[in-house]
Amino acid sequence: MLRPVSVGLLTLVMAAMLALLLVGVQKNYSPIPHSDMWMGGLGFYLDHLDGKASVWWRFHNEHPNHLARLLFWFDYEWFGGRAIMLQAFNVLVLLGIAVFMGSCTTEVLRESSHERWTLPVALSLAAWQLQWSQQENIVWAFQGVFFLAQLLPCVGAYLLSVHAKNDRQQWTAWAAVLLGCLAWGTMANAIFAFPLMAVVAWRVGCSKHLVGFLVVLCVLGCGLYWLGLAPQGGDLDRRWAGAVSWSDRGIYLLSMLGGPFKALRAPDWLAQVAGAGVLCLVVWHGLVLITRRGDLGVSVALRGMTGYLTLTALMATMGRAQLGYEQAFSSRYQTPMLMLWAVLLMLHLRPLLDWVTQSRWRRGAAIMAVGVLSLMLLERQCQALRRQDQALLGKELALLQLELQLKDEAQLLSLGFPSWEGLSSIANRAMAYGVSPFSTPVSLARRALIGKTIDVSAQPFCENGAISKLAPLRDSAGGWRTQGWLKTSRPVQGMEVWHLVQNRKVVGVLLSGLHEPEMALKYGRVYERNGFVGYALGMDPIQDISIWNPIDQCKFTVASQAPAAHP
């Protein structure tokens with residue numbers, strides 16, 4: 001039996017993993033939508049405000065995402081569309097996955113000679129599930145449904161195994177069906193939810209009526225999926241079928257299955273070898289699931305979960321393999337793979353503990369291995385502490401160009417949405433309705449200042465400054481992108497809003513906080529974030545330009561100059 005101090009240390013590891021994760025959420029927080037959140041979230045809510053009832057049931061690409069729409073509606077209606085509620089939801093669902101793994105561990109070790117190991121194993125698996133390596137799913141508000149797409153079907157399968165074991169209590173069966181129906185509103189891989197449940201119900205000996213009902217739901221789910229997919233066919237890239245070889249798809253699948261190993265700094269090839277081992281285990285457990293009937297233990301549900309999570313990887317392979325196997329190591333795919341590795345460990349937990357408890361040196365080796373893995377997890381979790389200032393500044397800058405109706409497509413990549421026309425249309429509607437993120441005080445204030453008269457002639461000069469880049473925006477008449485630095489008596493604290501003033505009129509908005517190596521060389525690292533980047537509208541580069549810092553009430557005048565060519 002592990003000493004209490006060992007259990008205490010594992011508790012501290014899990015608490016540290018959670019604390020670091022929460023710090024990472026805070027450092028990455030932004031109310032600005034990302035990627036699919038523009039169309040699936042903000043666009044959906046604007047259509048709702050326009051009275052388009054169809055937005056509630058239409059499909060979103062290959063993902064129904066009905067639950068996501070409901071969550072977005074809650075966020076915009078009750079929380080101002082700031083995404084704080086959605087971020088909290090992501091964390092809560094991730095904690096739910098960790099708790100669920102602990103529940104499965106309890107079932108696996110119950111009434112066995114290793115029951116005393118339940119707590120340390122559950123703590124270890126909880127820490128494993130909280131890894132920052134899945135950061136995109138944590139910090140992208142849209143990804144809460146991706147967590148649910150993995151969790152809901154797995155919990156449903158678990159409840160069916162409990163249903164068969166505990167005198168077939170009806171509430172467990174109906175709860176499993178409800179979770180499967182909710183899973184339909186998450187992501188595309190949820191079409192495997194009821195096939196998973198049907199196989200588990202059949203193998204644990206549930207009634208023929210229940211198994212038949214689950215099979216009917218399997219057919220219904222596939223029909224609904226393809227019915228929703230067909231109208232959106234033009235939005236999908238179907239060229240992968242002829243462009244990607246089967247060997248490339250195989251490498252992609254193995255890379256994805258080995259993703260958790262890659263997250264621990266393993267080389268690509270070693271992660272792929274680990275993925276091959278995982279695939280072999282999944283196939284073996286799948287054969288056991290099909291051939292062994294009447295097992296009332298949770299192991300049946302766990303074997304079904306391995307198949308479901310592997311099918312998730314297979315669907316991602318079929319849709320993304322054309323992007324290269326490196327895409328398989330993306331943090332968004334870590335969640336199902338972390339769950340898969342945890343489930344496989346639980347399936348082999350009893351024989352593993354049998355081996356460990358046979359001698360003292362094996363127990364010591366196991367404790368040492370857990371300790372080393374814990375240190376590795378903590379070291380990787382410290383990535384959550386990295387400053388995200390530049391990424392957040394990039395999002396704010398992209399939002400600024402939408403506010404000013406300027407076109408700088410390269411900057412839009414920071415939002416994960418390359419279409420300026422689509423974003424511009426959504427931005428105009430959001431500003432008309434006063435919907436976040438265009439309704440925040442900062443956004444409203446910087447838009448209101450454009451064109452206002454401000455006499456900065458009496459303002460003192462700042463210590464130093466320069467415009468390093470001044471380029472016209474090719475597709476925006478009168479639009480300019482400006483970059484440079486400004487030295488005041490203090491270092492910049494976070495992101496501040498400065499202004500470009502010409503002829504006593506505000507013609508541009510600048511966002512400070514940009515890392516400028518020149519500033520660090522001249523004045524020290526404390527001033528390295530005194531760089532700025534922003535846009536001007538209707539500016540004449542032939543006339544003198546003043547950069548005004550409203551916080552320090554100082555200016556820096558730039559003499560007339562020829563603009564640089566657009567990159």
# chains A, B, ... in the order shown; residues from 1 in each chain; ligands from 1
>>> residues_around(residues="A:Arg350", least_positions_apart="2", cutoff="9 Å", atoms="only C-alpha atoms", output="list of chain:residue names")
A:Val108, A:Leu109, A:Ser112, A:His114, A:Met346, A:Leu347, A:His348, A:Leu352, A:Leu353, A:Asp354, A:Trp355
>>> closest_atom_pairs(of="stretch 79-148 of chain A", to="stretch 17-28 of chain A", cutoff="12 Å", atoms="only C-alpha atoms", output="JSON lines")
{"residue": "A:Ala83", "atom": "CA", "partner": "A:Val25", "partner_atom": "CA", "distance": 11.7}
{"residue": "A:Ile84", "atom": "CA", "partner": "A:Gln26", "partner_atom": "CA", "distance": 9.9}
{"residue": "A:Leu86", "atom": "CA", "partner": "A:Val25", "partner_atom": "CA", "distance": 11.4}
{"residue": "A:Gln87", "atom": "CA", "partner": "A:Val25", "partner_atom": "CA", "distance": 7.6}
{"residue": "A:Ala88", "atom": "CA", "partner": "A:Val25", "partner_atom": "CA", "distance": 9.1}
{"residue": "A:Phe89", "atom": "CA", "partner": "A:Val25", "partner_atom": "CA", "distance": 11.7}
{"residue": "A:Asn90", "atom": "CA", "partner": "A:Val25", "partner_atom": "CA", "distance": 9.9}
{"residue": "A:Val91", "atom": "CA", "partner": "A:Leu22", "partner_atom": "CA", "distance": 8.1}
{"residue": "A:Leu92", "atom": "CA", "partner": "A:Leu22", "partner_atom": "CA", "distance": 11.0}
{"residue": "A:Leu94", "atom": "CA", "partner": "A:Leu18", "partner_atom": "CA", "distance": 10.3}
{"residue": "A:Leu95", "atom": "CA", "partner": "A:Leu18", "partner_atom": "CA", "distance": 9.0}
{"residue": "A:Ala98", "atom": "CA", "partner": "A:Leu18", "partner_atom": "CA", "distance": 10.8}
{"residue": "A:Leu123", "atom": "CA", "partner": "A:Met17", "partner_atom": "CA", "distance": 11.1}
{"residue": "A:Ser124", "atom": "CA", "partner": "A:Met17", "partner_atom": "CA", "distance": 10.8}
{"residue": "A:Leu125", "atom": "CA", "partner": "A:Met17", "partner_atom": "CA", "distance": 11.7}
{"residue": "A:Ala126", "atom": "CA", "partner": "A:Met17", "partner_atom": "CA", "distance": 9.3}
{"residue": "A:Ala127", "atom": "CA", "partner": "A:Met17", "partner_atom": "CA", "distance": 6.3}
{"residue": "A:Trp128", "atom": "CA", "partner": "A:Met17", "partner_atom": "CA", "distance": 8.8}
{"residue": "A:Gln129", "atom": "CA", "partner": "A:Met17", "partner_atom": "CA", "distance": 9.5}
{"residue": "A:Leu130", "atom": "CA", "partner": "A:Met17", "partner_atom": "CA", "distance": 6.4}
{"residue": "A:Gln131", "atom": "CA", "partner": "A:Met17", "partner_atom": "CA", "distance": 7.1}
{"residue": "A:Trp132", "atom": "CA", "partner": "A:Leu21", "partner_atom": "CA", "distance": 6.3}
{"residue": "A:Ser133", "atom": "CA", "partner": "A:Leu21", "partner_atom": "CA", "distance": 10.0}
{"residue": "A:Gln134", "atom": "CA", "partner": "A:Leu21", "partner_atom": "CA", "distance": 10.3}
{"residue": "A:Gln135", "atom": "CA", "partner": "A:Gly24", "partner_atom": "CA", "distance": 8.4}
{"residue": "A:Glu136", "atom": "CA", "partner": "A:Asn28", "partner_atom": "CA", "distance": 10.0}
{"residue": "A:Asn137", "atom": "CA", "partner": "A:Val25", "partner_atom": "CA", "distance": 10.7}
{"residue": "A:Ile138", "atom": "CA", "partner": "A:Val25", "partner_atom": "CA", "distance": 7.2}
{"residue": "A:Val139", "atom": "CA", "partner": "A:Val25", "partner_atom": "CA", "distance": 5.9}
{"residue": "A:Trp140", "atom": "CA", "partner": "A:Asn28", "partner_atom": "CA", "distance": 9.1}
{"residue": "A:Ala141", "atom": "CA", "partner": "A:Val25", "partner_atom": "CA", "distance": 10.6}
>>> residues_around(residues="A:Ser439", least_positions_apart="6", cutoff="10 Å", atoms="only C-alpha atoms", output="PyMOL selection string")
chain A and resi 80-82+430-433+445
>>> write_last_selection(atoms="N, CA, C and O atoms", output="CSV table (one decimal), in the first residue's frame")
chain,number,residue,atom,x,y,z
A,80,GLY,N,-23.3,38.8,-21.9
A,80,GLY,CA,-22.8,39.8,-22.7
A,80,GLY,C,-21.9,39.4,-23.8
A,80,GLY,O,-21.2,40.2,-24.5
A,81,GLY,N,-21.8,38.1,-24.1
A,81,GLY,CA,-21.0,37.6,-25.2
A,81,GLY,C,-19.5,37.7,-24.9
A,81,GLY,O,-18.7,37.7,-25.9
A,82,ARG,N,-19.1,37.7,-23.7
A,82,ARG,CA,-17.7,37.9,-23.3
A,82,ARG,C,-16.9,36.6,-23.3
A,82,ARG,O,-15.7,36.6,-23.1
A,430,ALA,N,-22.7,43.1,-36.3
A,430,ALA,CA,-22.5,43.1,-34.8
A,430,ALA,C,-22.3,44.5,-34.3
A,430,ALA,O,-22.9,44.9,-33.2
A,431,MET,N,-21.7,45.4,-35.0
A,431,MET,CA,-21.6,46.8,-34.6
A,431,MET,C,-22.9,47.5,-34.6
A,431,MET,O,-23.3,48.3,-33.8
A,432,ALA,N,-23.8,47.2,-35.6
A,432,ALA,CA,-25.1,47.7,-35.7
A,432,ALA,C,-26.0,47.3,-34.5
A,432,ALA,O,-26.8,48.1,-34.0
A,433,TYR,N,-25.8,46.1,-34.1
A,433,TYR,CA,-26.6,45.6,-33.0
A,433,TYR,C,-25.9,45.9,-31.6
A,433,TYR,O,-26.6,45.7,-30.6
A,445,ALA,N,-14.8,53.1,-27.6
A,445,ALA,CA,-14.0,54.4,-27.4
A,445,ALA,C,-13.1,54.6,-28.6
A,445,ALA,O,-13.0,55.7,-29.1
>>> closest_residue(among="A:Met37, A:Leu340, A:Leu514, A:Met14", to="A:Phe72", atoms="only C-alpha atoms")
A:Met37
>>> residues_around(residues="stretch 484-489 of chain A", least_positions_apart="6", cutoff="6 Å", atoms="only C-alpha atoms", output="count of residues only")
10
>>> closest_residue(among="A:Gly534, A:Phe438, A:Arg446, A:Ser512", to="A:Gln411", atoms="only C-alpha atoms")
A:Gly534
>>> residues_around(residues="stretch 536-540 of chain A", least_positions_apart="5", cutoff="12 Å", atoms="only C-alpha atoms", output="VMD selection string")
chain A and resid 400 to 401 403 to 407 446 to 447 449 to 451 470 to 473 476 to 483 498 to 511 545 to 547 559 to 563
>>> write_last_selection(atoms="C-alpha atoms", output="mmCIF file, in the first residue's frame")
data_model
loop_
_atom_site.group_PDB
_atom_site.id
_atom_site.type_symbol
_atom_site.label_atom_id
_atom_site.label_comp_id
_atom_site.auth_asym_id
_atom_site.auth_seq_id
_atom_site.Cartn_x
_atom_site.Cartn_y
_atom_site.Cartn_z
ATOM 1 C CA LEU A 400 -9.433 46.877 -35.038
ATOM 2 C CA GLN A 401 -9.263 46.547 -38.817
ATOM 3 C CA GLU A 403 -13.941 48.128 -36.728
ATOM 4 C CA LEU A 404 -12.356 50.556 -39.195
ATOM 5 C CA GLN A 405 -13.499 48.502 -42.221
ATOM 6 C CA LEU A 406 -9.947 48.151 -43.508
ATOM 7 C CA LYS A 407 -8.661 45.072 -45.283
ATOM 8 C CA ARG A 446 -11.399 53.812 -30.097
ATOM 9 C CA ARG A 447 -13.998 53.849 -32.874
ATOM 10 C CA LEU A 449 -12.272 58.898 -31.546
ATOM 11 C CA ILE A 450 -11.614 58.435 -35.274
ATOM 12 C CA GLY A 451 -12.163 61.800 -36.949
ATOM 13 C CA LEU A 470 4.243 52.645 -42.881
ATOM 14 C CA ALA A 471 2.494 50.760 -45.660
ATOM 15 C CA PRO A 472 -0.711 51.405 -47.609
ATOM 16 C CA LEU A 473 -3.367 48.691 -47.500
ATOM 17 C CA SER A 476 -8.520 49.681 -48.699
ATOM 18 C CA ALA A 477 -8.551 53.191 -50.144
ATOM 19 C CA GLY A 478 -6.954 55.581 -47.661
ATOM 20 C CA GLY A 479 -5.993 52.777 -45.282
ATOM 21 C CA TRP A 480 -2.526 52.431 -43.781
ATOM 22 C CA ARG A 481 -0.784 49.942 -41.510
ATOM 23 C CA THR A 482 1.629 51.550 -39.065
ATOM 24 C CA GLN A 483 4.267 50.042 -36.809
ATOM 25 C CA TRP A 498 -2.551 55.424 -28.604
ATOM 26 C CA HIS A 499 -3.526 57.651 -31.532
ATOM 27 C CA LEU A 500 -2.242 59.014 -34.812
ATOM 28 C CA VAL A 501 -3.082 62.716 -35.108
ATOM 29 C CA GLN A 502 -2.765 64.818 -38.244
ATOM 30 C CA ASN A 503 -3.995 68.405 -38.649
ATOM 31 C CA ARG A 504 -5.515 68.171 -35.150
ATOM 32 C CA LYS A 505 -7.657 65.229 -36.205
ATOM 33 C CA VAL A 506 -7.390 61.632 -35.034
ATOM 34 C CA VAL A 507 -6.703 59.584 -38.166
ATOM 35 C CA GLY A 508 -5.533 56.311 -36.670
ATOM 36 C CA VAL A 509 -5.508 53.955 -33.692
ATOM 37 C CA LEU A 510 -2.350 52.304 -32.378
ATOM 38 C CA LEU A 511 -2.157 49.359 -29.985
ATOM 39 C CA ILE A 545 2.135 62.948 -38.239
ATOM 40 C CA SER A 546 1.915 63.026 -34.444
ATOM 41 C CA ILE A 547 1.797 59.893 -32.335
ATOM 42 C CA ALA A 559 8.258 64.371 -40.300
ATOM 43 C CA SER A 560 6.670 63.803 -43.680
ATOM 44 C CA GLN A 561 8.032 60.704 -45.394
ATOM 45 C CA ALA A 562 7.419 58.472 -48.366
ATOM 46 C CA PRO A 563 5.434 55.381 -47.389
#
>>> closest_atom_pairs(of="stretch 158-194 of chain A", to="stretch 298-316 of chain A", cutoff="6 Å", atoms="only C-alpha atoms", output="tab-separated table")
residue	atom	partner	partner_atom	distance
A:Tyr158	CA	A:Ala301	CA	5.3
A:Ser161	CA	A:Val298	CA	5.8
A:Asn189	CA	A:Thr312	CA	5.6
>>> select_by_dssp(residues="stretch 123-321 of chain A", states="alpha helix (DSSP H)", output="number ranges by chain")
A: 123-129, 135-139, 144-165, 170-183, 193-203, 208-229, 240-243, 246-257, 259-262, 268-291, 299-320
>>> residues_around(residues="A:Val93", least_positions_apart="5", cutoff="8 Å", atoms="only C-alpha atoms", output="PyMOL selection string")
chain A and resi 144+147-148
>>> closest_residue(among="A:Leu42, A:Leu70, A:Ala190, A:Leu253", to="A:Trp56", atoms="only C-alpha atoms")
A:Leu70
>>> closest_residue(among="A:Trp73, A:Trp341, A:Phe261, A:Phe213", to="A:Val282", atoms="only C-alpha atoms")
A:Trp341
